[in-house]
$ cat final-v2.txt   # compact mmCIF, C-alpha atoms
# COMPACT_ATOMS: atom_id res chain seq x y z
CA MET A 118 5.88 26.66 -20.29
CA THR A 119 9.62 27.25 -20.40
CA LEU A 120 11.81 25.80 -17.71
CA LEU A 121 11.85 27.88 -14.47
CA SER A 122 9.02 30.18 -15.59
CA VAL A 123 6.76 31.63 -12.91
CA PRO A 124 3.67 29.61 -13.98
CA LEU A 125 5.75 26.42 -13.90
CA MET A 126 7.09 27.19 -10.44
CA LEU A 127 3.56 27.88 -9.23
CA ASP A 128 2.45 24.58 -10.72
CA VAL A 129 5.35 22.76 -9.04
CA ALA A 130 4.48 24.42 -5.72
CA HIS A 131 0.81 23.48 -6.10
CA GLN A 132 1.53 19.86 -7.02
CA GLY A 133 4.19 19.56 -4.32
CA ALA A 134 1.95 20.99 -1.62
CA PHE A 135 -0.97 18.72 -2.43
CA GLY A 136 1.36 15.78 -2.96
CA ALA A 137 2.60 16.40 0.59
CA VAL A 138 -0.93 16.57 1.99
CA ALA A 139 -1.98 13.39 0.16
CA ALA A 140 1.15 11.53 1.33
CA TRP A 141 0.59 12.75 4.91
CA GLY A 142 -3.03 11.55 4.85
CA PHE A 143 -2.05 8.14 3.57
CA GLY A 144 0.77 8.08 6.13
CA VAL A 145 -1.80 8.45 8.91
CA LEU A 146 -3.88 5.70 7.31
CA PHE A 147 -0.78 3.48 7.25
CA ASN A 148 -0.05 4.31 10.91
CA PHE A 149 3.23 6.19 10.46
CA ASP A 150 4.69 7.82 13.56
CA GLY A 151 5.07 11.62 13.73
CA ARG A 152 8.65 11.81 12.46
CA SER A 153 7.96 9.42 9.59
CA LEU A 154 4.91 11.49 8.64
CA ILE A 155 7.20 14.49 8.14
CA TRP A 156 9.46 12.39 5.92
CA CYS A 157 6.44 11.08 4.11
CA SER A 158 5.22 14.61 3.34
CA ALA A 159 8.69 15.71 2.25
CA LEU A 160 8.91 12.75 -0.12
CA GLY A 161 5.46 13.66 -1.47
CA VAL A 162 6.75 17.18 -2.24
CA LEU A 163 9.86 15.76 -3.88
CA ALA A 164 8.03 13.15 -5.96
CA LEU A 165 5.28 15.45 -7.23
CA GLY A 166 7.78 18.26 -7.82
CA VAL A 167 10.05 16.04 -9.92
CA ARG A 168 7.09 14.62 -11.82
CA THR A 169 5.68 18.08 -12.59
CA LEU A 170 9.04 19.36 -13.82
CA ALA A 171 9.54 16.27 -15.97
CA LEU A 172 6.05 16.59 -17.46
CA ALA A 173 6.76 20.26 -18.21
CA GLY A 174 9.94 19.15 -19.95
CA GLY A 175 7.87 17.08 -22.35
CA TRP A 176 8.31 13.69 -20.70
CA SER A 177 5.47 11.18 -20.71
CA LEU A 178 3.54 10.55 -17.47
CA GLU A 179 5.19 7.14 -17.20
CA ALA A 180 8.74 8.48 -17.60
CA ALA A 181 8.04 11.36 -15.23
CA SER A 182 6.60 8.98 -12.62
CA PHE A 183 9.67 6.76 -12.94
CA ALA A 184 12.02 9.71 -12.39
CA ALA A 185 10.01 10.88 -9.38
CA ALA A 186 9.91 7.43 -7.76
CA LEU A 187 13.62 6.97 -8.44
CA ALA A 188 14.38 10.29 -6.72
CA ALA A 189 12.25 9.39 -3.68
CA GLY A 190 13.73 5.89 -3.45
CA ALA A 191 17.28 7.20 -3.79
CA ILE A 192 16.86 9.84 -1.08
CA VAL A 193 15.42 7.29 1.34
CA SER A 194 18.05 4.66 0.56
CA LEU A 195 20.93 7.12 0.92
CA THR A 196 19.73 8.35 4.30
CA SER A 197 18.49 4.99 5.60
CA PRO A 198 21.29 4.32 8.11
CA GLN A 199 20.04 7.28 10.14
CA ARG A 200 16.45 6.17 10.19
CA GLY A 201 16.57 2.42 10.57
CA GLU A 202 14.17 -0.11 9.16
CA ALA A 203 11.23 -0.24 6.77
CA VAL A 204 12.57 2.48 4.51
CA ASP A 205 10.94 0.76 1.54
CA VAL A 206 7.49 1.47 2.96
CA LEU A 207 8.45 5.07 3.70
CA ALA A 208 9.55 5.73 0.10
CA LEU A 209 6.41 4.08 -1.19
CA ALA A 210 4.14 6.23 0.96
CA GLY A 211 5.72 9.35 -0.55
CA CYS A 212 4.87 8.05 -4.01
CA ILE A 213 1.28 7.02 -3.24
CA PRO A 214 -0.12 10.33 -4.65
CA MET A 215 1.25 9.27 -8.05
CA VAL A 216 -0.64 5.95 -8.15
CA PRO A 217 -3.01 6.28 -11.13
CA GLY A 218 -6.20 5.11 -9.45
CA ALA A 219 -8.36 7.58 -11.36
CA PHE A 220 -7.05 6.21 -14.69
CA PHE A 221 -8.01 2.69 -13.63
CA GLY A 222 -11.54 3.82 -12.80
CA LYS A 223 -11.82 5.57 -16.15
CA ALA A 224 -10.54 2.48 -17.96
CA ILE A 225 -13.11 0.18 -16.34
CA LEU A 226 -15.92 2.70 -16.84
CA GLY A 227 -14.86 2.95 -20.50
CA LEU A 228 -15.15 -0.82 -20.82
CA PHE A 229 -18.59 -0.68 -19.19
CA ALA A 230 -19.60 1.94 -21.75
CA VAL A 231 -18.39 -0.21 -24.65
CA THR A 232 -20.54 -3.10 -23.50
CA ALA A 233 -23.68 -0.96 -23.07
CA PRO A 234 -26.70 -2.09 -25.20
CA ALA A 235 -26.30 0.66 -27.79
CA PRO A 236 -23.02 2.56 -27.35
CA ALA A 237 -22.79 5.82 -29.30
CA HIS A 238 -19.12 5.59 -30.37
CA PRO A 239 -17.88 2.13 -29.38
CA GLN A 240 -14.53 2.40 -31.22
CA ASP A 241 -13.66 5.68 -29.51
CA MET A 242 -14.70 4.32 -26.12
CA ALA A 243 -12.69 1.13 -26.61
CA ILE A 244 -9.57 3.08 -27.57
CA PHE A 245 -10.09 5.40 -24.58
CA ALA A 246 -10.37 2.41 -22.22
CA ILE A 247 -7.34 0.65 -23.69
CA VAL A 248 -5.21 3.80 -23.50
CA ALA A 249 -6.27 4.44 -19.89
CA MET A 250 -5.55 0.85 -18.85
CA THR A 251 -2.18 0.88 -20.61
CA ARG A 252 -1.26 4.06 -18.77
CA VAL A 253 -2.26 2.49 -15.45
CA ILE A 254 -0.08 -0.55 -16.04
CA LEU A 255 2.91 1.40 -17.33
CA THR A 256 2.71 4.09 -14.64
CA LEU A 257 2.42 1.55 -11.84
CA GLY A 258 5.32 -0.36 -13.34
CA ALA A 259 7.37 2.83 -13.59
CA ILE A 260 6.72 3.74 -9.95
CA GLY A 261 7.54 0.21 -8.77
CA ALA A 262 10.75 0.10 -10.80
CA GLY A 263 11.81 3.58 -9.67
CA LEU A 264 11.35 2.61 -6.03
CA ALA A 265 12.95 -0.82 -6.37
CA ILE A 266 16.18 0.17 -8.13
CA PRO A 267 17.74 2.22 -5.28
CA THR A 268 16.64 -0.37 -2.70
CA GLN A 269 18.21 -3.20 -4.69
CA MET A 270 21.43 -1.27 -5.20
CA THR A 271 22.04 -0.56 -1.52
CA ARG A 272 22.76 -2.92 1.35
CA HIS A 273 19.61 -1.84 3.17
CA ARG A 274 16.97 -4.38 2.14
CA GLY A 275 14.49 -3.78 4.92
CA PHE A 276 16.47 -5.00 7.91
CA MET B 9 11.51 -44.79 29.06
CA ALA B 10 9.10 -41.87 29.43
CA ALA B 11 8.49 -39.77 26.33
CA SER B 12 9.76 -36.61 28.02
CA ALA B 13 13.15 -38.20 28.64
CA ASP B 14 13.73 -38.97 24.96
CA PRO B 15 16.22 -36.30 23.70
CA VAL B 16 14.94 -36.55 20.10
CA VAL B 17 11.34 -35.88 21.17
CA LEU B 18 12.49 -32.98 23.37
CA ARG B 19 14.48 -31.51 20.48
CA HIS B 20 11.47 -31.80 18.20
CA ARG B 21 9.36 -30.05 20.81
CA ASP B 22 11.90 -27.23 21.03
CA LEU B 23 12.06 -26.93 17.28
CA GLU B 24 8.29 -26.85 17.06
CA LYS B 25 8.15 -23.93 19.48
CA ILE B 26 10.86 -22.11 17.54
CA ALA B 27 9.11 -22.71 14.21
CA ASN B 28 5.78 -21.50 15.57
CA VAL B 29 7.29 -18.32 17.00
CA ALA B 30 9.24 -17.57 13.80
CA LEU B 31 6.05 -18.11 11.81
CA LYS B 32 4.26 -15.69 14.12
CA VAL B 33 6.89 -13.04 13.30
CA GLY B 34 6.40 -13.73 9.59
CA ARG B 35 2.63 -13.55 9.85
CA VAL B 36 2.70 -10.14 11.56
CA LEU B 37 5.10 -8.76 8.96
CA MET B 38 2.93 -10.11 6.12
CA GLU B 39 -0.26 -8.70 7.63
CA CYS B 40 1.48 -5.30 8.08
CA GLY B 41 2.22 -5.07 4.36
CA GLY B 42 5.75 -6.51 4.20
CA ARG B 43 7.29 -7.82 1.00
CA VAL B 44 8.10 -11.53 0.75
CA SER B 45 11.83 -10.87 1.23
CA VAL B 46 11.08 -8.97 4.45
CA VAL B 47 8.82 -11.75 5.74
CA ARG B 48 11.47 -14.38 4.99
CA GLU B 49 14.21 -12.34 6.64
CA GLY B 50 12.04 -11.76 9.71
CA MET B 51 11.42 -15.50 10.11
CA ARG B 52 15.10 -16.30 9.58
CA LEU B 53 16.25 -13.75 12.15
CA ALA B 54 13.74 -15.03 14.72
CA ALA B 55 14.68 -18.67 14.18
CA ARG B 56 18.39 -17.86 14.37
CA GLY B 57 17.91 -15.90 17.57
CA LEU B 58 16.13 -18.88 19.09
CA GLY B 59 18.96 -21.25 18.18
CA ALA B 60 17.70 -22.98 15.04
CA ASN B 61 18.58 -22.82 11.36
CA VAL B 62 16.00 -22.23 8.67
CA VAL B 63 16.15 -25.17 6.28
CA GLY B 64 13.46 -23.81 4.01
CA GLU B 65 10.43 -21.56 3.91
CA ARG B 66 7.42 -20.99 1.67
CA VAL B 67 5.61 -17.68 1.72
CA GLY B 68 2.12 -17.82 0.27
CA TYR B 69 -0.56 -15.16 0.07
CA ALA B 70 -2.72 -16.81 2.73
CA SER B 71 -0.26 -19.01 4.63
CA LEU B 72 3.37 -19.42 5.59
CA THR B 73 5.36 -22.64 5.93
CA LEU B 74 8.69 -22.96 7.69
CA THR B 75 11.14 -25.80 8.17
CA VAL B 76 13.67 -25.28 10.95
CA GLY B 77 16.47 -27.56 11.99
CA ALA B 78 19.20 -28.14 14.55
CA GLY B 79 21.80 -30.77 13.86
CA GLU B 80 20.09 -33.77 12.32
CA GLU B 81 16.60 -32.79 13.45
CA THR B 82 14.16 -30.78 11.38
CA ILE B 83 10.51 -29.86 11.75
CA THR B 84 8.01 -28.18 9.40
CA ARG B 85 5.12 -26.04 10.57
CA MET B 86 2.56 -23.86 8.84
CA ILE B 87 0.46 -20.85 9.84
CA ASP B 88 -2.46 -18.98 8.27
CA VAL B 89 -2.09 -15.32 7.33
CA GLY B 90 -4.98 -12.98 8.03
CA PRO B 91 -6.17 -10.02 5.95
CA HIS B 92 -3.33 -8.00 4.46
CA GLY B 93 -3.12 -4.37 5.52
CA VAL B 94 -0.51 -1.68 6.16
CA ASN B 95 0.66 -0.89 9.70
CA TYR B 96 3.99 0.89 9.57
CA ARG B 97 4.63 1.25 13.30
CA LEU B 98 3.94 -2.40 14.07
CA ASP B 99 5.97 -3.42 11.02
CA VAL B 100 8.97 -1.39 12.24
CA ALA B 101 8.58 -2.62 15.82
CA VAL B 102 8.61 -6.27 14.74
CA ARG B 103 11.52 -5.77 12.32
CA ARG B 104 13.53 -4.13 15.11
CA TYR B 105 12.64 -6.86 17.56
CA ALA B 106 13.60 -9.61 15.08
CA THR B 107 16.95 -7.91 14.47
CA GLN B 108 17.57 -7.59 18.22
CA LEU B 109 16.48 -11.20 18.76
CA ALA B 110 19.00 -12.49 16.20
CA LEU B 111 21.79 -10.66 18.03
CA GLN B 112 20.84 -11.30 21.65
CA GLY B 113 18.81 -14.52 21.56
CA GLY B 114 15.77 -15.39 23.63
CA ALA B 115 13.32 -18.10 24.65
CA PRO B 116 10.32 -19.03 22.46
CA GLN B 117 7.71 -18.30 25.13
CA GLU B 118 9.22 -14.92 25.93
CA VAL B 119 9.45 -14.02 22.22
CA SER B 120 5.87 -15.07 21.60
CA GLU B 121 4.68 -12.92 24.49
CA THR B 122 6.71 -9.96 23.24
CA ILE B 123 5.16 -10.25 19.76
CA ASP B 124 1.70 -10.38 21.36
CA ARG B 125 2.55 -7.32 23.43
CA LEU B 126 3.79 -5.42 20.38
CA MET B 127 0.56 -6.24 18.56
CA ARG B 128 -1.48 -5.11 21.54
CA GLU B 129 0.46 -2.02 22.57
CA THR B 130 1.90 -0.52 19.39
CA PRO B 131 0.03 2.78 19.07
CA ARG B 132 -2.60 3.31 16.37
CA TYR B 133 -4.33 6.52 15.44
CA PRO B 134 -7.98 6.55 16.50
CA LEU B 135 -10.60 6.45 13.77
CA TRP B 136 -11.58 10.06 14.45
CA VAL B 137 -8.06 11.02 13.33
CA VAL B 138 -7.65 8.49 10.51
CA ALA B 139 -10.99 9.22 8.81
CA PRO B 140 -10.49 13.02 8.40
CA ALA B 141 -6.83 12.48 7.41
CA THR B 142 -7.96 10.06 4.71
CA GLY B 143 -10.61 12.51 3.56
CA LEU B 144 -7.95 15.22 3.35
CA ALA B 145 -5.74 12.90 1.31
CA CYS B 146 -8.63 12.30 -1.12
CA ALA B 147 -9.26 16.05 -1.42
CA ALA B 148 -5.55 16.64 -2.09
CA PHE B 149 -5.65 13.84 -4.68
CA GLY B 150 -8.59 15.69 -6.23
CA ARG B 151 -6.54 18.88 -6.55
CA LEU B 152 -3.72 16.88 -8.15
CA LEU B 153 -6.26 15.57 -10.67
CA GLY B 154 -7.46 19.08 -11.47
CA VAL B 155 -10.65 19.27 -9.40
CA ASP B 156 -11.76 22.87 -8.72
CA TRP B 157 -11.85 24.46 -5.23
CA PRO B 158 -15.64 24.19 -4.64
CA ALA B 159 -15.29 20.39 -4.75
CA PHE B 160 -12.49 20.31 -2.14
CA LEU B 161 -14.61 20.16 1.03
CA PRO B 162 -17.22 17.76 -0.40
CA ILE B 163 -14.43 15.33 -1.37
CA LEU B 164 -12.87 15.70 2.10
CA ALA B 165 -16.19 14.91 3.77
CA ALA B 166 -16.96 12.01 1.42
CA GLY B 167 -13.50 10.48 1.91
CA CYS B 168 -13.91 10.84 5.67
CA VAL B 169 -17.27 9.06 5.63
CA GLY B 170 -15.89 6.42 3.28
CA GLN B 171 -12.98 5.63 5.59
CA TRP B 172 -15.27 5.55 8.61
CA VAL B 173 -17.58 3.04 6.92
CA ARG B 174 -14.65 0.99 5.65
CA ALA B 175 -13.20 0.69 9.17
CA LYS B 176 -16.55 -0.31 10.62
CA LEU B 177 -17.20 -2.91 7.91
CA ARG B 178 -13.67 -4.30 8.24
CA GLY B 179 -14.18 -4.57 11.99
CA ARG B 180 -17.24 -6.72 11.32
CA GLY B 181 -15.22 -9.04 9.06
CA THR B 182 -16.94 -8.01 5.83
CA ASN B 183 -15.37 -9.24 2.59
CA ALA B 184 -12.71 -6.80 1.28
CA CYS B 185 -14.17 -6.71 -2.27
CA LEU B 186 -17.64 -6.00 -0.94
CA ILE B 187 -16.24 -3.22 1.24
CA ALA B 188 -14.60 -1.68 -1.84
CA ALA B 189 -17.89 -1.63 -3.75
CA VAL B 190 -19.93 -0.24 -0.85
CA VAL B 191 -17.39 2.43 0.09
CA ALA B 192 -16.85 3.47 -3.54
CA PHE B 193 -20.60 3.86 -4.04
CA LEU B 194 -21.15 5.77 -0.81
CA ALA B 195 -18.09 8.04 -0.97
CA GLY B 196 -18.48 8.57 -4.72
CA ALA B 197 -22.16 9.50 -4.49
CA LEU B 198 -21.53 11.83 -1.53
CA GLY B 199 -18.53 13.47 -3.16
CA GLY B 200 -20.21 13.88 -6.54
CA PHE B 201 -23.48 15.15 -5.08
CA GLY B 202 -21.69 17.48 -2.67
CA ALA B 203 -19.46 18.90 -5.39
CA ARG B 204 -22.44 19.55 -7.62
CA ALA B 205 -24.33 21.19 -4.76
CA ALA B 206 -21.28 23.37 -4.05
CA GLY B 207 -21.30 24.61 -7.64
CA SER B 208 -18.26 22.65 -8.80
CA ALA B 209 -17.70 22.21 -12.51
CA SER B 210 -15.82 18.97 -11.93
CA ALA B 211 -18.39 16.81 -10.15
CA GLU B 212 -17.45 13.64 -12.05
CA MET B 213 -13.77 13.91 -11.14
CA ALA B 214 -14.79 14.80 -7.56
CA LEU B 215 -16.77 11.56 -7.46
CA ILE B 216 -13.71 9.56 -8.50
CA ALA B 217 -11.35 11.48 -6.16
CA SER B 218 -13.64 10.67 -3.21
CA THR B 219 -13.02 6.96 -3.78
CA LEU B 220 -9.22 7.11 -4.08
CA LEU B 221 -8.82 5.96 -0.46
CA LEU B 222 -9.53 2.51 -1.92
CA VAL B 223 -6.57 2.44 -4.31
CA PRO B 224 -4.35 -0.39 -3.01
CA GLY B 225 -1.04 1.33 -3.71
CA VAL B 226 1.10 -0.68 -1.28
CA PRO B 227 -0.04 -4.13 -2.47
CA ALA B 228 0.28 -2.99 -6.08
CA THR B 229 3.94 -2.01 -5.72
CA ASN B 230 4.65 -4.96 -3.41
CA ALA B 231 3.34 -7.23 -6.18
CA GLN B 232 5.87 -5.86 -8.59
CA THR B 233 8.74 -5.96 -6.09
CA ASP B 234 7.93 -9.55 -5.09
CA ILE B 235 8.01 -10.64 -8.74
CA MET B 236 11.27 -8.71 -9.28
CA GLU B 237 12.83 -10.38 -6.24
CA GLY B 238 11.98 -13.87 -7.44
CA PHE B 239 8.62 -14.55 -5.79
CA PRO B 240 6.17 -14.53 -8.72
CA THR B 241 3.52 -16.63 -6.99
CA VAL B 242 2.83 -14.18 -4.18
CA GLY B 243 3.43 -11.25 -6.52
CA SER B 244 0.80 -12.56 -8.94
CA ALA B 245 -1.64 -13.24 -6.10
CA ARG B 246 -1.20 -9.68 -4.87
CA ALA B 247 -1.70 -8.30 -8.39
CA VAL B 248 -4.90 -10.28 -8.86
CA SER B 249 -6.19 -9.11 -5.45
CA VAL B 250 -5.42 -5.50 -6.40
CA ALA B 251 -7.28 -5.91 -9.69
CA MET B 252 -10.30 -7.45 -7.92
CA ILE B 253 -10.45 -4.63 -5.37
CA MET B 254 -10.29 -2.06 -8.15
CA VAL B 255 -12.97 -3.84 -10.20
CA PHE B 256 -15.34 -3.86 -7.22
CA ALA B 257 -14.49 -0.22 -6.46
CA THR B 258 -15.31 0.63 -10.05
CA ILE B 259 -18.66 -1.10 -9.74
CA GLY B 260 -19.35 1.21 -6.79
CA ILE B 261 -18.24 4.22 -8.84
CA TRP B 262 -20.47 3.11 -11.71
CA GLY B 263 -23.41 2.88 -9.31
CA ALA B 264 -22.70 6.35 -7.92
CA GLU B 265 -22.45 7.79 -11.45
CA ALA B 266 -25.79 6.14 -12.30
CA VAL B 267 -27.44 7.66 -9.21
CA LEU B 268 -26.09 11.12 -10.09
CA GLY B 269 -26.97 10.78 -13.77
CA LEU B 270 -23.36 11.06 -14.89
CA LEU B 271 -23.25 7.92 -17.03
CA PRO B 272 -22.82 8.54 -20.77
$ encode --input "final-v2.txt" --output "structure tokens"
Amino acid sequence: MTLLSVPLMLDVAHQGAFGAVAAWGFGVLFNFDGRSLIWCSALGVLALGVRTLALAGGWSLEAASFAAALAAGAIVSLTSPQRGEAVDVLALAGCIPMVPGAFFGKAILGLFAVTAPAPAHPQDMAIFAIVAMTRVILTLGAIGAGLAIPTQMTRHRGF
Amino acid sequence: MAASADPVVLRHRDLEKIANVALKVGRVLMECGGRVSVVREGMRLAARGLGANVVGERVGYASLTLTVGAGEETITRMIDVGPHGVNYRLDVAVRRYATQLALQGGAPQEVSETIDRLMRETPRYPLWVVAPATGLACAAFGRLLGVDWPAFLPILAAGCVGQWVRAKLRGRGTNACLIAAVVAFLAGALGGFGARAAGSASAEMALIASTLLLVPGVPATNAQTDIMEGFPTVGSARAVSVAMIMVFATIGIWGAEAVLGLLP
């Protein structure tokens, strides 16, 4: 897909819309108030949109997740004086849809498969599990770093 | 001389009240999902507002310790921390109150009562709102992972049931790891079976998407931030807890896959 093609824009819209819904749902679970839920959804759109564009540009999932978290963290940190406290949690909620929980499940299930009594292709399964686990660790690290950098570079540290 | 007339004893009693109230602020922030730096700042602001200096503090995963002082006198107190969760509105309310307290001051009894009132009266969404919202989040997660449309409603329903059961089990004080395994099995089996019944071609991914309500995203990123900010002990404890929750959730997923015949 070339940059700004119709299929890419549709993909960005799809990912952004469902990123917003996922962030909103987790916002309710985390007991966000109504106004913060709107912010949460907007950050979900932003994060998933940036990640989708970066992936389309050939970036790895880890690099794309870092860029998306950095964008969400920067927006929240730059506008924090208007909204008050706990901006760190707000930025994080917007990035929750990028947490690679499914990869972690696949990694553990791959390890289970390797240790089965008679695995069919143990080497392939082991590599699959290792790759999935590595992606979990690196993606989580990328999201955490992307969110932390803007917070650490501004005066607003939570209070 | 009577004990109550001894100024040193009186000062220690005052400091004890201040330490206990500041620890209460820290405990609420920790239980609401605050980072270590936020918990420390909350305790410092509360102690300052009550007229004492914080000489030192230790934030652990399951307990907090605080030493406060005034002049030559110091006192150290400790408090247990309950189960960690995420409660944004209470978190914000306590942060705001601690900030206001540091500026305007207050009395320990009054502050303690205000914290209790905030815990009691800060609004929470009822379970009949939270459970469908969580189910919707799981279904949206499913779409992000490439699940087809026929699986959308089954994932939504499974996530809803999973959150309902999780809340009920948590209310009964069930172990968090056990809850993860039970909810993963139940939601995963329901989501996978429902997706298959609805004619979905992505039943296995639907099964996993139905369990994503269990992913501890806030503790996972807090773990990293705590380590970055110089608190590796709590950060490591959080990371290990996250890993344990995910391992138990995966056991539940494995069980659901076995029931549905999806295991390789």
$ atom_distance --input "final-v2.txt" --atom1 "atom CA of B:Phe201" --atom2 "atom CA of B:Leu135"
24.4 Å
$ closest_residue --input "final-v2.txt" --among "A:Ala139, A:Met242, A:Leu165, A:Leu154" --to "chain B" --atoms "all atoms listed in the file"
A:Ala139
$ closest_residue --input "final-v2.txt" --among "A:Val248, A:Leu146, A:Val253, A:Leu172" --to "chain B" --atoms "only C-alpha atoms"
A:Leu146
$ residues_around --input "final-v2.txt" --residues "stretch 109-126 of chain B" --least-positions-apart "6" --cutoff "9 Å" --atoms "all atoms listed in the file" --output "tab-separated table (two decimals) with C-alpha atoms, keeping the file's coordinate frame"
chain	number	residue	atom	x	y	z
B	22	ASP	CA	11.90	-27.23	21.03
B	25	LYS	CA	8.15	-23.93	19.48
B	26	ILE	CA	10.86	-22.11	17.54
B	28	ASN	CA	5.78	-21.50	15.57
B	29	VAL	CA	7.29	-18.32	17.00
B	30	ALA	CA	9.24	-17.57	13.80
B	32	LYS	CA	4.26	-15.69	14.12
B	33	VAL	CA	6.89	-13.04	13.30
B	36	VAL	CA	2.70	-10.14	11.56
B	52	ARG	CA	15.10	-16.30	9.58
B	53	LEU	CA	16.25	-13.75	12.15
B	54	ALA	CA	13.74	-15.03	14.72
B	55	ALA	CA	14.68	-18.67	14.18
B	56	ARG	CA	18.39	-17.86	14.37
B	57	GLY	CA	17.91	-15.90	17.57
B	58	LEU	CA	16.13	-18.88	19.09
B	59	GLY	CA	18.96	-21.25	18.18
B	98	LEU	CA	3.94	-2.40	14.07
B	101	ALA	CA	8.58	-2.62	15.82
B	102	VAL	CA	8.61	-6.27	14.74
$ atom_distance --input "final-v2.txt" --atom1 "atom CA of B:Leu194" --atom2 "atom CA of B:Arg132"
25.4 Å
